[in-house]
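Chemist: Here it is: the structure, laid out below.
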Amino acid sequence: MQELVTRAKELLADGTVVRVLGWKRGDLSYNPEPAYFNSQEELEQFVYDGFCGANLSKYMIEGSKKEGKTLVFLKPCDTYSFNQLIKEHRVDRDKAYIIGVGCRGKLDVEKIKAQGIKGIQNISGAGIEEDTDTLNIRTIYGDKTCTYGSAMLERCHVCKGKEHMIFDEEIGESKDTKDADRFAEIEKIEAMSPEEKFAFFQKELSKCIRCNACRNVCPACSCRKCVFDSNQFDSAQKANVDSFEEKMFHIIRAFHVAGRCTDCGECSRVCPQGIPLHLFNRKFIKDINELYGEYQAGADTESKGPLTSFTFEDAEPGIVVERR
Amino acid sequence: MQRIGVFVCHCGSNIAATVDVKKVVEMAALEPGVVHAEDYQYMCSEAGQAKIDAAIKEKNLTGIVVCSCSPRMHETTFRNAAKRAGLNPYMVEIANIREHCSWIHKNMEEATKKAVILARAAIAKVSLNTPLQQGESRVTKRALVIGGGIAGIQTALDIAEAGYEVDIVEKTPSIGGRMSQLDKTFPTLDCSACILTPKMVEASAHEKINIYTYSEVEKVSGFVGDFTVDIRKKARSVNMDKCTGCGVCQEKCPSKKTPNEFNRGLNTRSAIYTPFAQAIPNVPVIDREHCTKFKTGKCGVCAKVCQAGAIEYDQQDEIVTEKYGAIVVATGFDVIKLDQYDEYAYSQSPDVITSLELERIMNAAGPTKGHLERISDHKAPKNMVFIQCVGSRCADKRGKSYCSKICCMYTAKHAMLIRDKYPDVNVTVFYIDVRTPGKNFDEFYRRAVEEYGVNYIKGQVGKVAPQPNGQLLVQGVDLIDNKQILMEADMVVLAAAIEPNKDVRKIATMLTASIDTNNFLTEAHPKLRPVESPTAGVFLSGVCQGPKDIPETVAQAGAAAVKAIGLLAKDKLLTNPCTAKSDELLCNGCSTCANVCPYGAISYIDKEVNDHGIRETRHFAQVNSALCQGCGACTVACPSGAMDLQGFSNRQIIAEVDAICR
């Protein structure tokens, strides 16, 4: 981590960048937050450890509008979002100096709590350079431990890989943490009857409190004015008619990001209600892969997305695809 | 506030017999904004239009709804009527209560209920309509004909004769198409080549016609009057200007094992070849897949023997981009593959052939020099059996549901020619029906039966079994005598169904022209617009639209040419004002709309905006309304809802849905 700070200070000092976009220490050891650092002094607050899950790509939409270059730290999976934003002309590549940072999987404090570890005061072992597989947790009930893997975010278990898709320089080693099938959960849902599917999503989506955290964090949800906020459509500020009305919000959102979602998993990470929102997007990704061939949004900045390009090999829209 | 008038048409009894028209008027009058509602016998009549005119003027109507037939029938009529009365023609909406309602329902109460709902939706939409103005677009005075068979040649000749430039794009190395493979033509029995070749020569010599052979259409953009087409000229490997057509290269070419497509694979050809003697242009191509030089790098005989030095191994495919005002599709047909028809032993015995193969066998330039003989042992046949409707009028999925239309006649022709030339050969034809509706067609068929003694049996063949002695055992049924038939034949000829050329799907997709379930191109109207595609500026010629014989093809080719000429003769076209428009304040500049736009109508501009005090340069979409065809693809692809279609805005459509669901 110190290497990142040193390098950031160098780049500020030599005028390559005028600000740094990174993560800053929070009030607890497990809640760092995205932040701009405008001076070398401010960088004392910089932190990069296992809890820095936040994808900073989307912040570069604002960053691109600021004067001068911004140094941004991107984890391998974040670079897909950044590429996708370049493709959609939402960020300016020339306004960003990208340091690809290493990653050994990001942690979710909820996963630790789910293991019965409550009253957390401090967590150690989450540092990026640390070579330990054990997290030491000091709680008000005494010291506890758990494995690093057991506390990882779902998205890290289906990690897209160690490579940065875009960067100016790379600092630190990454670890491929993939140990699960990305589509296993989707296949389970596909196997359900329509009634079971409905019940499953009703159960999950009924928890939604419409805090908009998923939308606000999503790098694909980058519209200047969201259709859900616009008075041009009758959907803005609409009250629930029934307890399940929120499904419309999430389903429409999934359609809007289909073909552009990089599966960065931020929606599920930030959901205060723990709704597995990534399942919607991943279902679209699976369908796109099956109908139009393997496609990873954000793997490059040039290719046309499968839903916005037409080839003679495309599945005919009128033909109902036979499902298992 | 809009002042809306509603006019409900009886259409004689077409609507009034199933829909309570008075009730529709009564209910419509209750809708918000409606200040006038009336019904009339025939709204499209002069008296009906006069009522609309009077109401617009007297009641100061700002929008009207006509509840009548499909907008495809009379939308223009009513728009013009509104225009004459001083109302913007785009303030007119049609509620289709005939095709969508009265014609498909029997119960009056239910049909009336539905008619009221349809009227309500149209009223809801017209309340949100805004006046629109038509623009103008230019017409490129040049036509493209895709396909160089008799249909394409005739269309091109007719357009060229009217004084317009025409390009023919033909996939194979020569124009001529299917007709060049035929030996004789019914019902006059004149030689196919003798009547086709002069047309080919005329087309190639015509100063207004430019022919691209061994070329394919690669990309089509633009719209009626202003298409831009990329044509891929495949590498011929022979210089068209230098080649004298002497044919020495073909004689000397050592790779002579390639199945000859022109002779339907009945013999072989060299790797450098012209498909047939009268080919136009008379310049060979090198089939790179089968050429030793291209496969191994060793050979080069053709280059050595070519006196003119025309062989160019390093030729590359070339893309030519041209602009056209009209496009005529004349992609023709092929016979179906018979691998699904094992019972006729087509793949088991070389003596079971298709009728098109028989054409080649009977042809003096064909694989047997015109001698009727078995392919297996070159013996002259004594008994021949023709089987009709192989894959045509087929109830199951193996074949086609339609009648291929030409088989009855060409089989009568084959039977007659064989009996005439080889009177000792017995000819039997198994048929379901003999269909001869054409000038002199039935007389022709009767001659085959009565004068030439062809044995016609009504009934189908269940099985053709090759025997160890080389004979073919045909098991059929005679439905008239109600008995099983078992007979030996030396040759069996299958009247295989015809189907549109395989490439038509690709071409239809490029042209956004619609095709039916059998891959035939669809007409704009099956009766009244039979040579026009529903896509403006695209016309249909020949079998690509449906099975037809040569005279019909030529007639349709001429009709397609006339339609194309009618378009090319115009200097300007009025454009549809229902085009897309982007809202600057909502657009993210993400380019999704530009990616999905099939007309290339969307570009991006950077513009400084002041959005609530924030000045910034933004990248956003701009629609070229001259190019936009109003398809709406962008409006559904736009994630932020910035893109909207004028005349069919999201709000209008939602208002219609709401009105229906109310």
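For the structure tokens, the naming scheme is as follows: chains receive sequential letters (A, B, ...) according to their order of presentation, residues are indexed from 1 within each chain, and ligands are indexed from 1 in presentation order.
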Please return, as a ChimeraX atom specification, all residues of chain A lying within 8 Å of chain B when only C-alpha atoms are considered.
Modeler: /A:87-90,222-227,233,256-257,304,308-310,312
Chemist: Neighbouring residues of region 72-84 of chain B were defined as those with any atom within 10 Å, considering only C-alpha atoms; residues of the same chain fewer than 5 positions away were excluded. Please report them as a list of chain:residue names.
Modeler: B:Met43, B:Cys44, B:Ser45, B:Glu46, B:Gly48, B:Gln49, B:Ala50, B:Lys51, B:Ile52, B:Asp53, B:Ile56, B:Lys57, B:Leu61, B:Gly63, B:Ile64, B:Val65, B:Val66, B:Pro89, B:Tyr90, B:Met91, B:Val92, B:Glu93, B:Ile94, B:Asn96
Chemist: Using the selection just defined, write its residues with N, CA and C atoms as a CSV table (one decimal), in the first residue's frame.
Modeler:
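Here's the written file selection_7.csv:
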chain,number,residue,atom,x,y,z
B,43,MET,N,-66.9,6.8,-45.2
B,43,MET,CA,-66.1,8.0,-44.9
B,43,MET,C,-65.2,8.4,-46.0
B,44,CYS,N,-64.7,7.4,-46.7
B,44,CYS,CA,-63.7,7.7,-47.8
B,44,CYS,C,-64.3,8.3,-49.0
B,45,SER,N,-65.6,8.3,-49.1
B,45,SER,CA,-66.3,8.9,-50.3
B,45,SER,C,-66.2,10.4,-50.3
B,46,GLU,N,-66.5,11.0,-51.4
B,46,GLU,CA,-66.4,12.4,-51.4
B,46,GLU,C,-67.3,13.1,-50.4
B,48,GLY,N,-68.3,11.8,-47.6
B,48,GLY,CA,-67.7,11.5,-46.3
B,48,GLY,C,-66.6,12.5,-46.0
B,49,GLN,N,-65.7,12.7,-47.0
B,49,GLN,CA,-64.6,13.6,-46.8
B,49,GLN,C,-65.1,15.1,-46.6
B,50,ALA,N,-66.2,15.3,-47.3
B,50,ALA,CA,-66.8,16.7,-47.1
B,50,ALA,C,-67.3,16.9,-45.7
B,51,LYS,N,-67.8,15.8,-45.0
B,51,LYS,CA,-68.2,15.9,-43.6
B,51,LYS,C,-67.0,16.3,-42.7
B,52,ILE,N,-65.9,15.6,-43.0
B,52,ILE,CA,-64.7,15.9,-42.3
B,52,ILE,C,-64.2,17.3,-42.4
B,53,ASP,N,-64.2,17.7,-43.7
B,53,ASP,CA,-63.9,19.1,-44.1
B,53,ASP,C,-64.7,20.1,-43.3
B,56,ILE,N,-64.1,20.1,-39.4
B,56,ILE,CA,-62.8,20.8,-39.1
B,56,ILE,C,-63.0,22.3,-39.1
B,57,LYS,N,-63.7,22.8,-40.1
B,57,LYS,CA,-63.8,24.2,-40.3
B,57,LYS,C,-64.8,24.8,-39.3
B,61,LEU,N,-61.5,22.1,-35.3
B,61,LEU,CA,-60.9,20.9,-34.8
B,61,LEU,C,-59.3,21.0,-34.9
B,63,GLY,N,-57.5,18.1,-34.1
B,63,GLY,CA,-57.1,16.8,-34.4
B,63,GLY,C,-58.3,15.9,-34.8
B,64,ILE,N,-58.1,14.9,-35.6
B,64,ILE,CA,-59.3,14.1,-35.9
B,64,ILE,C,-58.9,12.6,-35.8
B,65,VAL,N,-59.9,11.8,-35.5
B,65,VAL,CA,-59.8,10.3,-35.5
B,65,VAL,C,-60.8,9.8,-36.4
B,66,VAL,N,-60.3,8.9,-37.4
B,66,VAL,CA,-61.2,8.3,-38.3
B,66,VAL,C,-61.3,6.8,-37.9
B,89,PRO,N,-51.7,17.4,-41.7
B,89,PRO,CA,-52.1,16.0,-42.0
B,89,PRO,C,-51.7,15.0,-40.9
B,90,TYR,N,-50.7,15.4,-40.1
B,90,TYR,CA,-50.2,14.5,-39.0
B,90,TYR,C,-51.0,14.6,-37.8
B,91,MET,N,-52.1,15.4,-37.8
B,91,MET,CA,-53.0,15.5,-36.7
B,91,MET,C,-54.2,14.5,-36.9
B,92,VAL,N,-54.0,13.6,-37.8
B,92,VAL,CA,-55.0,12.6,-38.1
B,92,VAL,C,-54.6,11.2,-37.6
B,93,GLU,N,-55.5,10.5,-36.9
B,93,GLU,CA,-55.2,9.2,-36.5
B,93,GLU,C,-56.3,8.3,-37.0
B,94,ILE,N,-55.9,7.0,-37.3
B,94,ILE,CA,-56.9,6.1,-37.8
B,94,ILE,C,-57.1,5.0,-36.7
B,96,ASN,N,-58.3,1.4,-36.6
B,96,ASN,CA,-58.7,0.4,-37.5
B,96,ASN,C,-59.8,-0.6,-36.9
Chemist: Could you name the residues that touch region 545-562 of chain B at 10 Å or less, counting only C-alpha atoms, but leaving out those on the same chain fewer than 4 positions away, as a PyMOL selection string?
Modeler: chain B and resi 143+145+150-160+162+179+185-186+326-333+402-407+409-410+438-439+497-500+515-516+518-523+530-533+538-541+566-568
Chemist: Report the residues of region 148-349 of chain B whose backbone DSSP state falls under strand (DSSP E or B), written as a PDB file with N, CA and C atoms, in the first residue's frame.
Modeler:
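Dumped everything to selection-v7.pdb:
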ATOM      1  N   GLU B 165     -29.320   4.454 -65.848  1.00  0.00           N
ATOM      2  CA  GLU B 165     -28.187   3.544 -65.665  1.00  0.00           C
ATOM      3  C   GLU B 165     -28.621   2.369 -64.784  1.00  0.00           C
ATOM      4  N   VAL B 166     -28.167   1.186 -65.118  1.00  0.00           N
ATOM      5  CA  VAL B 166     -28.495  -0.003 -64.325  1.00  0.00           C
ATOM      6  C   VAL B 166     -27.221  -0.820 -64.107  1.00  0.00           C
ATOM      7  N   ASP B 167     -27.054  -1.295 -62.891  1.00  0.00           N
ATOM      8  CA  ASP B 167     -25.982  -2.244 -62.619  1.00  0.00           C
ATOM      9  C   ASP B 167     -26.609  -3.596 -62.291  1.00  0.00           C
ATOM     10  N   ILE B 168     -26.071  -4.649 -62.889  1.00  0.00           N
ATOM     11  CA  ILE B 168     -26.514  -6.004 -62.527  1.00  0.00           C
ATOM     12  C   ILE B 168     -25.398  -6.622 -61.686  1.00  0.00           C
ATOM     13  N   VAL B 169     -25.766  -7.172 -60.537  1.00  0.00           N
ATOM     14  CA  VAL B 169     -24.779  -7.906 -59.743  1.00  0.00           C
ATOM     15  C   VAL B 169     -25.132  -9.384 -59.800  1.00  0.00           C
ATOM     16  N   LYS B 184     -34.985 -26.994 -73.643  1.00  0.00           N
ATOM     17  CA  LYS B 184     -36.089 -26.425 -74.422  1.00  0.00           C
ATOM     18  C   LYS B 184     -37.082 -25.772 -73.462  1.00  0.00           C
ATOM     19  N   THR B 185     -37.943 -24.926 -73.999  1.00  0.00           N
ATOM     20  CA  THR B 185     -38.918 -24.258 -73.140  1.00  0.00           C
ATOM     21  C   THR B 185     -40.335 -24.585 -73.580  1.00  0.00           C
ATOM     22  N   ASP B 190     -39.147 -24.088 -78.090  1.00  0.00           N
ATOM     23  CA  ASP B 190     -37.969 -23.462 -78.684  1.00  0.00           C
ATOM     24  C   ASP B 190     -36.794 -23.577 -77.713  1.00  0.00           C
ATOM     25  N   CYS B 191     -35.629 -23.550 -78.299  1.00  0.00           N
ATOM     26  CA  CYS B 191     -34.410 -23.782 -77.533  1.00  0.00           C
ATOM     27  C   CYS B 191     -34.170 -22.616 -76.588  1.00  0.00           C
ATOM     28  N   ILE B 209     -26.130  -0.320 -69.262  1.00  0.00           N
ATOM     29  CA  ILE B 209     -26.064  -1.449 -68.330  1.00  0.00           C
ATOM     30  C   ILE B 209     -24.615  -1.807 -68.027  1.00  0.00           C
ATOM     31  N   ASN B 210     -24.350  -1.936 -66.739  1.00  0.00           N
ATOM     32  CA  ASN B 210     -23.028  -2.329 -66.293  1.00  0.00           C
ATOM     33  C   ASN B 210     -23.186  -3.636 -65.523  1.00  0.00           C
ATOM     34  N   ILE B 211     -22.422  -4.648 -65.907  1.00  0.00           N
ATOM     35  CA  ILE B 211     -22.624  -5.957 -65.287  1.00  0.00           C
ATOM     36  C   ILE B 211     -21.440  -6.322 -64.390  1.00  0.00           C
ATOM     37  N   TYR B 212     -21.741  -6.632 -63.130  1.00  0.00           N
ATOM     38  CA  TYR B 212     -20.718  -7.152 -62.220  1.00  0.00           C
ATOM     39  C   TYR B 212     -20.969  -8.649 -62.062  1.00  0.00           C
ATOM     40  N   SER B 215     -19.729 -11.455 -58.453  1.00  0.00           N
ATOM     41  CA  SER B 215     -19.771 -10.383 -57.461  1.00  0.00           C
ATOM     42  C   SER B 215     -20.984 -10.563 -56.563  1.00  0.00           C
ATOM     43  N   GLU B 216     -20.880 -10.037 -55.375  1.00  0.00           N
ATOM     44  CA  GLU B 216     -22.012 -10.147 -54.460  1.00  0.00           C
ATOM     45  C   GLU B 216     -22.253  -8.828 -53.746  1.00  0.00           C
ATOM     46  N   VAL B 217     -23.520  -8.604 -53.403  1.00  0.00           N
ATOM     47  CA  VAL B 217     -23.851  -7.410 -52.633  1.00  0.00           C
ATOM     48  C   VAL B 217     -23.403  -7.661 -51.200  1.00  0.00           C
ATOM     49  N   GLU B 218     -22.633  -6.720 -50.683  1.00  0.00           N
ATOM     50  CA  GLU B 218     -22.028  -6.945 -49.370  1.00  0.00           C
ATOM     51  C   GLU B 218     -22.735  -6.133 -48.278  1.00  0.00           C
ATOM     52  N   LYS B 219     -23.148  -4.937 -48.653  1.00  0.00           N
ATOM     53  CA  LYS B 219     -23.719  -4.065 -47.629  1.00  0.00           C
ATOM     54  C   LYS B 219     -24.648  -3.072 -48.309  1.00  0.00           C
ATOM     55  N   VAL B 220     -25.784  -2.834 -47.689  1.00  0.00           N
ATOM     56  CA  VAL B 220     -26.719  -1.851 -48.226  1.00  0.00           C
ATOM     57  C   VAL B 220     -27.042  -0.865 -47.122  1.00  0.00           C
ATOM     58  N   SER B 221     -26.911   0.411 -47.405  1.00  0.00           N
ATOM     59  CA  SER B 221     -27.358   1.399 -46.435  1.00  0.00           C
ATOM     60  C   SER B 221     -28.178   2.436 -47.197  1.00  0.00           C
ATOM     61  N   GLY B 222     -28.740   3.368 -46.472  1.00  0.00           N
ATOM     62  CA  GLY B 222     -29.558   4.390 -47.124  1.00  0.00           C
ATOM     63  C   GLY B 222     -31.006   3.964 -47.226  1.00  0.00           C
ATOM     64  N   PHE B 223     -31.730   4.554 -48.132  1.00  0.00           N
ATOM     65  CA  PHE B 223     -33.173   4.383 -48.192  1.00  0.00           C
ATOM     66  C   PHE B 223     -33.649   4.704 -49.590  1.00  0.00           C
ATOM     67  N   ASP B 226     -32.008   6.804 -52.389  1.00  0.00           N
ATOM     68  CA  ASP B 226     -30.624   7.116 -52.034  1.00  0.00           C
ATOM     69  C   ASP B 226     -29.944   5.960 -51.290  1.00  0.00           C
ATOM     70  N   PHE B 227     -29.888   4.814 -51.954  1.00  0.00           N
ATOM     71  CA  PHE B 227     -29.212   3.666 -51.341  1.00  0.00           C
ATOM     72  C   PHE B 227     -27.711   3.746 -51.631  1.00  0.00           C
ATOM     73  N   THR B 228     -26.915   3.303 -50.681  1.00  0.00           N
ATOM     74  CA  THR B 228     -25.484   3.139 -50.924  1.00  0.00           C
ATOM     75  C   THR B 228     -25.173   1.660 -50.762  1.00  0.00           C
ATOM     76  N   VAL B 229     -24.569   1.071 -51.805  1.00  0.00           N
ATOM     77  CA  VAL B 229     -24.377  -0.377 -51.805  1.00  0.00           C
ATOM     78  C   VAL B 229     -22.904  -0.708 -52.004  1.00  0.00           C
ATOM     79  N   ASP B 230     -22.400  -1.594 -51.161  1.00  0.00           N
ATOM     80  CA  ASP B 230     -21.045  -2.111 -51.349  1.00  0.00           C
ATOM     81  C   ASP B 230     -21.150  -3.428 -52.114  1.00  0.00           C
ATOM     82  N   ILE B 231     -20.439  -3.511 -53.229  1.00  0.00           N
ATOM     83  CA  ILE B 231     -20.456  -4.732 -54.037  1.00  0.00           C
ATOM     84  C   ILE B 231     -19.076  -5.371 -53.962  1.00  0.00           C
ATOM     85  N   ARG B 232     -19.044  -6.624 -53.576  1.00  0.00           N
ATOM     86  CA  ARG B 232     -17.759  -7.321 -53.524  1.00  0.00           C
ATOM     87  C   ARG B 232     -17.511  -8.003 -54.866  1.00  0.00           C
ATOM     88  N   LYS B 233     -16.490  -7.514 -55.569  1.00  0.00           N
ATOM     89  CA  LYS B 233     -16.085  -8.179 -56.810  1.00  0.00           C
ATOM     90  C   LYS B 233     -15.055  -9.218 -56.417  1.00  0.00           C
ATOM     91  N   VAL B 238      -8.353 -13.570 -63.305  1.00  0.00           N
ATOM     92  CA  VAL B 238      -8.136 -13.383 -64.744  1.00  0.00           C
ATOM     93  C   VAL B 238      -8.462 -11.924 -65.055  1.00  0.00           C
ATOM     94  N   THR B 258     -13.175 -31.098 -60.734  1.00  0.00           N
ATOM     95  CA  THR B 258     -14.173 -30.364 -59.967  1.00  0.00           C
ATOM     96  C   THR B 258     -15.573 -30.631 -60.521  1.00  0.00           C
ATOM     97  N   PRO B 259     -16.531 -30.962 -59.646  1.00  0.00           N
ATOM     98  CA  PRO B 259     -17.897 -31.173 -60.141  1.00  0.00           C
ATOM     99  C   PRO B 259     -18.382 -29.921 -60.873  1.00  0.00           C
ATOM    100  N   THR B 268     -17.404 -33.223 -64.786  1.00  0.00           N
ATOM    101  CA  THR B 268     -16.460 -32.369 -64.077  1.00  0.00           C
ATOM    102  C   THR B 268     -15.949 -31.262 -65.003  1.00  0.00           C
ATOM    103  N   ARG B 269     -15.324 -30.291 -64.393  1.00  0.00           N
ATOM    104  CA  ARG B 269     -14.767 -29.175 -65.156  1.00  0.00           C
ATOM    105  C   ARG B 269     -13.350 -28.913 -64.664  1.00  0.00           C
ATOM    106  N   ILE B 272      -9.872 -23.719 -63.795  1.00  0.00           N
ATOM    107  CA  ILE B 272     -10.129 -22.425 -64.447  1.00  0.00           C
ATOM    108  C   ILE B 272     -11.220 -22.692 -65.465  1.00  0.00           C
ATOM    109  N   TYR B 273     -12.297 -21.929 -65.375  1.00  0.00           N
ATOM    110  CA  TYR B 273     -13.449 -22.305 -66.210  1.00  0.00           C
ATOM    111  C   TYR B 273     -14.360 -21.134 -66.520  1.00  0.00           C
ATOM    112  N   VAL B 285     -12.905 -17.862 -64.747  1.00  0.00           N
ATOM    113  CA  VAL B 285     -12.452 -17.540 -63.390  1.00  0.00           C
ATOM    114  C   VAL B 285     -11.653 -18.727 -62.885  1.00  0.00           C
ATOM    115  N   ILE B 286     -10.779 -18.470 -61.938  1.00  0.00           N
ATOM    116  CA  ILE B 286     -10.080 -19.587 -61.302  1.00  0.00           C
ATOM    117  C   ILE B 286     -10.797 -19.898 -60.000  1.00  0.00           C
ATOM    118  N   ILE B 311      -3.705 -13.996 -66.907  1.00  0.00           N
ATOM    119  CA  ILE B 311      -3.840 -14.683 -65.618  1.00  0.00           C
ATOM    120  C   ILE B 311      -3.146 -13.871 -64.524  1.00  0.00           C
ATOM    121  N   GLU B 318     -12.375  -7.043 -54.521  1.00  0.00           N
ATOM    122  CA  GLU B 318     -12.417  -5.583 -54.584  1.00  0.00           C
ATOM    123  C   GLU B 318     -13.812  -5.139 -54.149  1.00  0.00           C
ATOM    124  N   ILE B 319     -13.888  -4.074 -53.365  1.00  0.00           N
ATOM    125  CA  ILE B 319     -15.202  -3.566 -52.944  1.00  0.00           C
ATOM    126  C   ILE B 319     -15.510  -2.295 -53.743  1.00  0.00           C
ATOM    127  N   VAL B 320     -16.632  -2.337 -54.446  1.00  0.00           N
ATOM    128  CA  VAL B 320     -17.061  -1.162 -55.203  1.00  0.00           C
ATOM    129  C   VAL B 320     -18.250  -0.566 -54.463  1.00  0.00           C
ATOM    130  N   THR B 321     -18.223   0.728 -54.239  1.00  0.00           N
ATOM    131  CA  THR B 321     -19.355   1.370 -53.572  1.00  0.00           C
ATOM    132  C   THR B 321     -20.096   2.248 -54.576  1.00  0.00           C
ATOM    133  N   GLU B 322     -21.394   2.010 -54.702  1.00  0.00           N
ATOM    134  CA  GLU B 322     -22.198   2.744 -55.680  1.00  0.00           C
ATOM    135  C   GLU B 322     -23.461   3.269 -55.010  1.00  0.00           C
ATOM    136  N   LYS B 323     -24.021   4.308 -55.600  1.00  0.00           N
ATOM    137  CA  LYS B 323     -25.285   4.846 -55.092  1.00  0.00           C
ATOM    138  C   LYS B 323     -26.409   4.503 -56.058  1.00  0.00           C
ATOM    139  N   TYR B 324     -27.551   4.142 -55.509  1.00  0.00           N
ATOM    140  CA  TYR B 324     -28.700   3.763 -56.340  1.00  0.00           C
ATOM    141  C   TYR B 324     -29.975   4.408 -55.801  1.00  0.00           C
ATOM    142  N   ALA B 326     -33.022   2.927 -56.803  1.00  0.00           N
ATOM    143  CA  ALA B 326     -33.954   1.793 -56.678  1.00  0.00           C
ATOM    144  C   ALA B 326     -33.159   0.489 -56.719  1.00  0.00           C
ATOM    145  N   ILE B 327     -33.684  -0.521 -56.049  1.00  0.00           N
ATOM    146  CA  ILE B 327     -33.033  -1.832 -56.049  1.00  0.00           C
ATOM    147  C   ILE B 327     -34.067  -2.888 -56.444  1.00  0.00           C
ATOM    148  N   VAL B 328     -33.727  -3.709 -57.419  1.00  0.00           N
ATOM    149  CA  VAL B 328     -34.624  -4.789 -57.818  1.00  0.00           C
ATOM    150  C   VAL B 328     -33.971  -6.110 -57.428  1.00  0.00           C
ATOM    151  N   VAL B 329     -34.710  -6.924 -56.698  1.00  0.00           N
ATOM    152  CA  VAL B 329     -34.180  -8.228 -56.297  1.00  0.00           C
ATOM    153  C   VAL B 329     -34.661  -9.260 -57.309  1.00  0.00           C
ATOM    154  N   PHE B 333     -33.991 -18.989 -58.008  1.00  0.00           N
ATOM    155  CA  PHE B 333     -34.303 -20.195 -57.238  1.00  0.00           C
ATOM    156  C   PHE B 333     -33.261 -21.279 -57.436  1.00  0.00           C
ATOM    157  N   ASP B 334     -33.435 -22.318 -56.667  1.00  0.00           N
ATOM    158  CA  ASP B 334     -32.672 -23.548 -56.848  1.00  0.00           C
ATOM    159  C   ASP B 334     -33.652 -24.683 -56.579  1.00  0.00           C
ATOM    160  N   VAL B 335     -33.275 -25.910 -56.963  1.00  0.00           N
ATOM    161  CA  VAL B 335     -34.142 -27.033 -56.594  1.00  0.00           C
ATOM    162  C   VAL B 335     -33.740 -27.481 -55.192  1.00  0.00           C
TER     163      VAL B 335
END
Chemist: Would you return as a ChimeraX atom specification the members of region 48-296 of chain A that DSSP assigns to alpha helix (DSSP H) on this structure's backbone?
Modeler: /A:59-65,76-87,109-113,154-157,184-190,194-205,213-217,246-257,266-270,278-292
Chemist: If we count only C-alpha atoms and set the cut-off at 9 Å, which residues sit around Leu4 (chain A), ignoring sequence neighbours fewer than 5 positions away in its own chain? Please answer as a list in words.
Modeler: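 Close residues of Leu4 (chain A): Lys9, Tyr48, Phe73, Ile99, Val101, Ile171 and Gly172 of chain A.
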Chemist: Output the selection as a PDB file, in the first residue's frame - C-alpha atoms for each residue.
Modeler:
ATOM      1  CA  LYS A   9       2.885  11.555  -4.297  1.00  0.00           C
ATOM      2  CA  TYR A  48      -5.932   0.113   0.126  1.00  0.00           C
ATOM      3  CA  PHE A  73      -6.526   3.222  -8.912  1.00  0.00           C
ATOM      4  CA  ILE A  99      -2.593   2.608 -11.919  1.00  0.00           C
ATOM      5  CA  VAL A 101      -3.519  -2.235  -8.498  1.00  0.00           C
ATOM      6  CA  ILE A 171       1.637  -1.945  -9.078  1.00  0.00           C
ATOM      7  CA  GLY A 172       1.283  -5.064  -6.968  1.00  0.00           C
TER       8      GLY A 172
END
Chemist: Quick one: everything within 7 Å of region 173-177 of chain B, counting only C-alpha atoms, minus sequence neighbours fewer than 4 positions away in the same chain. Send it as an mmCIF file with N, CA and C atoms, in the first residue's frame.
Modeler:
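As a result, result_0.cif now contains:
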data_model
loop_
_atom_site.group_PDB
_atom_site.id
_atom_site.type_symbol
_atom_site.label_atom_id
_atom_site.label_comp_id
_atom_site.auth_asym_id
_atom_site.auth_seq_id
_atom_site.Cartn_x
_atom_site.Cartn_y
_atom_site.Cartn_z
ATOM 1 N N GLY B 148 -28.550 -12.020 -62.104
ATOM 2 C CA GLY B 148 -28.433 -11.844 -63.546
ATOM 3 C C GLY B 148 -29.071 -12.960 -64.347
ATOM 4 N N GLY B 149 -30.176 -13.498 -63.845
ATOM 5 C CA GLY B 149 -30.929 -14.484 -64.615
ATOM 6 C C GLY B 149 -31.855 -13.763 -65.571
ATOM 7 N N ILE B 150 -32.813 -14.511 -66.139
ATOM 8 C CA ILE B 150 -33.710 -13.881 -67.113
ATOM 9 C C ILE B 150 -34.494 -12.744 -66.466
ATOM 10 N N MET B 200 -28.946 -11.799 -73.323
ATOM 11 C CA MET B 200 -27.691 -11.641 -72.574
ATOM 12 C C MET B 200 -26.754 -10.688 -73.317
ATOM 13 N N THR B 213 -20.185 -9.478 -62.749
ATOM 14 C CA THR B 213 -20.342 -10.914 -62.519
ATOM 15 C C THR B 213 -19.351 -11.347 -61.457
ATOM 16 N N TYR B 214 -19.540 -12.556 -60.927
ATOM 17 C CA TYR B 214 -18.697 -13.110 -59.879
ATOM 18 C C TYR B 214 -18.591 -12.099 -58.735
ATOM 19 N N THR B 274 -15.080 -21.262 -67.643
ATOM 20 C CA THR B 274 -16.272 -20.457 -67.876
ATOM 21 C C THR B 274 -17.423 -21.449 -67.772
ATOM 22 N N ALA B 279 -21.282 -18.056 -72.209
ATOM 23 C CA ALA B 279 -21.162 -17.227 -71.001
ATOM 24 C C ALA B 279 -20.842 -15.774 -71.335
ATOM 25 N N ILE B 280 -21.458 -14.887 -70.570
ATOM 26 C CA ILE B 280 -21.157 -13.460 -70.695
ATOM 27 C C ILE B 280 -20.828 -12.945 -69.308
ATOM 28 N N PRO B 281 -19.660 -12.416 -69.076
ATOM 29 C CA PRO B 281 -18.570 -12.243 -70.039
ATOM 30 C C PRO B 281 -17.876 -13.579 -70.320
ATOM 31 N N VAL B 285 -12.905 -17.862 -64.747
ATOM 32 C CA VAL B 285 -12.452 -17.540 -63.390
ATOM 33 C C VAL B 285 -11.653 -18.727 -62.885
#
